[in-house]
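K.L.:
Got a structure here, written out as structure tokens. Questions coming.
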Amino acid sequence: MTEHEESLLGPAQVRQLADRLGIRPTKSWGQNFVIDKGTVRRIVRAAEVGPQDVVLEVGPGLGSLTLALLPEVAHVTAVEIDPALADQLPRTVADLAPHLVDRLTVVPADALRVQELPDPQPTALVANLPYNVAVPVVLHLLATVPTLQRVLVMVQLEVAERLAAGPGSKVYGVPSVKAGWYAEVTGAGRIGRTVFWPAPNVDSGLVRMVRRDPPAARAGRQEVFAVVDAAFAQRRKTMRAALAGWAGGAERAERVLRAAGVDPRARGEVLTVADFARIADAALDDGGQRPGGQEDRRPNP
């Protein structure tokens with residue numbers, strides 16, 4: 001057994017550590033701790049990170065994935081909302097992999113509220129994300145941490161499928177389009193339930209993202225995302241009907257859609273992120289106003 005292998009947490013160690021800390025996984029924070037060494041090694045391999053990478057980990061919990069990442073990368077910045085877990089993580093690393101403790105920075109915070117991170121700035125997000133906040137966390141971090149170039153996250157299988165879905169898929173929707181604004185998104189495998197403690201009642205999936213430039217558009221991200229939200233608020237409606245409220249009327253919605261080269265009878269589930277960007281641009285061109293009739297004098301983000 002290698003030194004690296006010995007430093008990883010197994011099922012008994014996870015439970016012993018939790019008992020010693022008096023920690024019980026909480027549903028409110030979506031905590032499911034990984035207890036399988038093979039799974040954390042698989043995540044690190046799928047993330048394709050190396051010595052040049054600084055990894056951002058969200059929700060490190062008791063440190064199973066952290067301990068697998070540290071030998072492979074330059075640094076790990078771990079954001080943990082649970083104060084007890086945030087306090088314990090450096091101690092766990094010091095106990096099991098003392099030669100790697102200098103590669104770890106722990107940020108005790110809610111990832112959804114993080115606006116900046118300590119140096120070195122992360123190049124990759126690798127995490128077992130709490131099910132209940134997975135999509136908002138990924139979108140928030142892609143928006144606020146521009147140095148992130150790659151993402152490999154483990155999320156609920158249904159969420160993984162939605163994030164990676166393409167136009168025309170039954171599960172293509174708001175998460176698919178918004179993630180596609182930032183990155184090329186693909187599924188990276190399925191994870192069973194027994195690798196967690198406590199075992200969730202659903203399977204998990206891995207999602208890989210590689211950052212790319214957003215579609216060329218004069219409209220900013222907020223304007224484009226407003227179109228996306230409106231299009232899927234009632235996904236069975238045609239775009240003409242779905243965008244009526246956003247546009248200030250069905251007639252204006254149709255005019256904007258036609259100007260963007262989008263069939264007003266189409267539904268949002270068949271449109272690409274570039275289509276939504278063209279719709280937002282066309283709305284700006286239609287009288288130089290934002291939907292709802294307010295003049296848009298803000299610079300694009």
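FYI, nothing fancy with the structure tokens labels: chains A, B, ... in order, residues from 1 per chain, ligands from 1 as they appear.
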Report the closest atom pair, with its distance in Å rounded to one decimal, for each residue of segment 103-144 of chain A that has an atom no farther than 7 Å from segment 46-57 of chain A; count only C-alpha atoms, sort by chain and then rising residue number, and write it as JSON lines.
P.N.:
```
{"residue": "A:Pro120", "atom": "CA", "partner": "A:Val54", "partner_atom": "CA", "distance": 7.0}
{"residue": "A:Gln121", "atom": "CA", "partner": "A:Val54", "partner_atom": "CA", "distance": 6.8}
{"residue": "A:Pro122", "atom": "CA", "partner": "A:Val54", "partner_atom": "CA", "distance": 4.6}
{"residue": "A:Thr123", "atom": "CA", "partner": "A:Val54", "partner_atom": "CA", "distance": 5.3}
{"residue": "A:Ala124", "atom": "CA", "partner": "A:Val55", "partner_atom": "CA", "distance": 4.9}
{"residue": "A:Leu125", "atom": "CA", "partner": "A:Leu56", "partner_atom": "CA", "distance": 4.7}
{"residue": "A:Val126", "atom": "CA", "partner": "A:Glu57", "partner_atom": "CA", "distance": 5.3}
{"residue": "A:Ala127", "atom": "CA", "partner": "A:Glu57", "partner_atom": "CA", "distance": 5.0}
```
K.L.:
Would you mind listing, for every residue of segment 122-231 of chain A within 10 Å of segment 58-73 of chain A, the two atoms forming the shortest contact and the distance between them in Å to one decimal, using only C-alpha atoms, sorted by chain and ascending residue number, as a Markdown table?
P.N.:
```
| residue | atom | partner | partner_atom | distance |
| --- | --- | --- | --- | --- |
| A:Leu125 | CA | A:Val58 | CA | 7.9 |
| A:Val126 | CA | A:Val58 | CA | 7.6 |
| A:Ala127 | CA | A:Val58 | CA | 5.5 |
| A:Asn128 | CA | A:Gly59 | CA | 6.9 |
| A:Leu129 | CA | A:Gly59 | CA | 6.4 |
| A:Pro130 | CA | A:Gly59 | CA | 7.2 |
| A:Ala134 | CA | A:Val58 | CA | 9.9 |
| A:Val137 | CA | A:Val58 | CA | 8.7 |
| A:Val138 | CA | A:Val58 | CA | 9.7 |
| A:Val153 | CA | A:Val58 | CA | 9.5 |
```
K.L.:
Write out as number ranges by chain the set of residues from segment 102-166 of chain A that DSSP, computed on the backbone, places in strand (DSSP E or B).
P.N.:
A: 104-108, 124-128, 150-156
K.L.:
Fewer than 2 positions away in the same chain doesn't count, so skip those; otherwise give me all residues within 7 Å of Val79 of chain A, counting only C-alpha atoms, as an MDAnalysis selection string.
P.N.:
chainID A and resid 57:59 77 81 106:109 111
K.L.:
Given only C-alpha atoms, how would the per-residue table for segment 116-194 of chain A near segment 260-278 of chain A read, listing every residue at most 10 Å away with its closest atom pair and distance in Å to one decimal, sorted by chain and number, as a Markdown table?
P.N.:
```
| residue | atom | partner | partner_atom | distance |
| --- | --- | --- | --- | --- |
| A:Gly166 | CA | A:Thr272 | CA | 8.1 |
| A:Pro167 | CA | A:Val270 | CA | 4.7 |
| A:Gly168 | CA | A:Val270 | CA | 4.7 |
| A:Ser169 | CA | A:Glu269 | CA | 7.2 |
| A:Lys170 | CA | A:Glu269 | CA | 7.7 |
| A:Val171 | CA | A:Glu269 | CA | 8.5 |
| A:Tyr172 | CA | A:Glu269 | CA | 6.0 |
| A:Gly173 | CA | A:Glu269 | CA | 6.3 |
| A:Val174 | CA | A:Glu269 | CA | 9.2 |
| A:Ser176 | CA | A:Val273 | CA | 8.9 |
| A:Val177 | CA | A:Val273 | CA | 5.6 |
| A:Lys178 | CA | A:Val273 | CA | 7.6 |
| A:Ala179 | CA | A:Val273 | CA | 9.3 |
| A:Gly180 | CA | A:Val273 | CA | 6.5 |
| A:Trp181 | CA | A:Val273 | CA | 6.3 |
| A:Tyr182 | CA | A:Val273 | CA | 9.9 |
```
K.L.:
For Pro214 of chain A, which residue among A:Leu257, A:Val202, A:Ala143, A:Leu284 is the nearest when counting only C-alpha atoms?
P.N.:
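Using only C-alpha atoms, the shortest distance to Pro214 of chain A belongs to A:Ala143.
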K.L.:
To one decimal place in Å, what is the distance between atom CA of Gly187 of chain A and atom CA of Ala280 of chain A?
P.N.:
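Separating atom CA of Gly187 of chain A from atom CA of Ala280 of chain A is a distance of 28.5 Å.
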K.L.:
Please determine, counting only C-alpha atoms, which residue among A:Ala74, A:Ile43, A:Ala230, A:Ala164 has the shortest atom-to-atom distance to Leu100 of chain A.
P.N.:
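The closest residue to Leu100 of chain A is A:Ala74.
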K.L.:
Taking only C-alpha atoms into account, name the residue in A:Leu89, A:Ala188, A:Ala199, A:Ala183 that is nearest to Val34 of chain A.
P.N.:
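So, comparing all the options, the nearest one is A:Ala199.
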K.L.:
Mind giving me the straight-line distance from atom CA of Ala219 of chain A to atom CA of Ile279 of chain A in Å, one decimal?
P.N.:
9.2 Å
K.L.:
Which distance in Å separates atom CA of Leu8 of chain A and atom CA of Leu96 of chain A, to one decimal?
P.N.:
7.8 Å
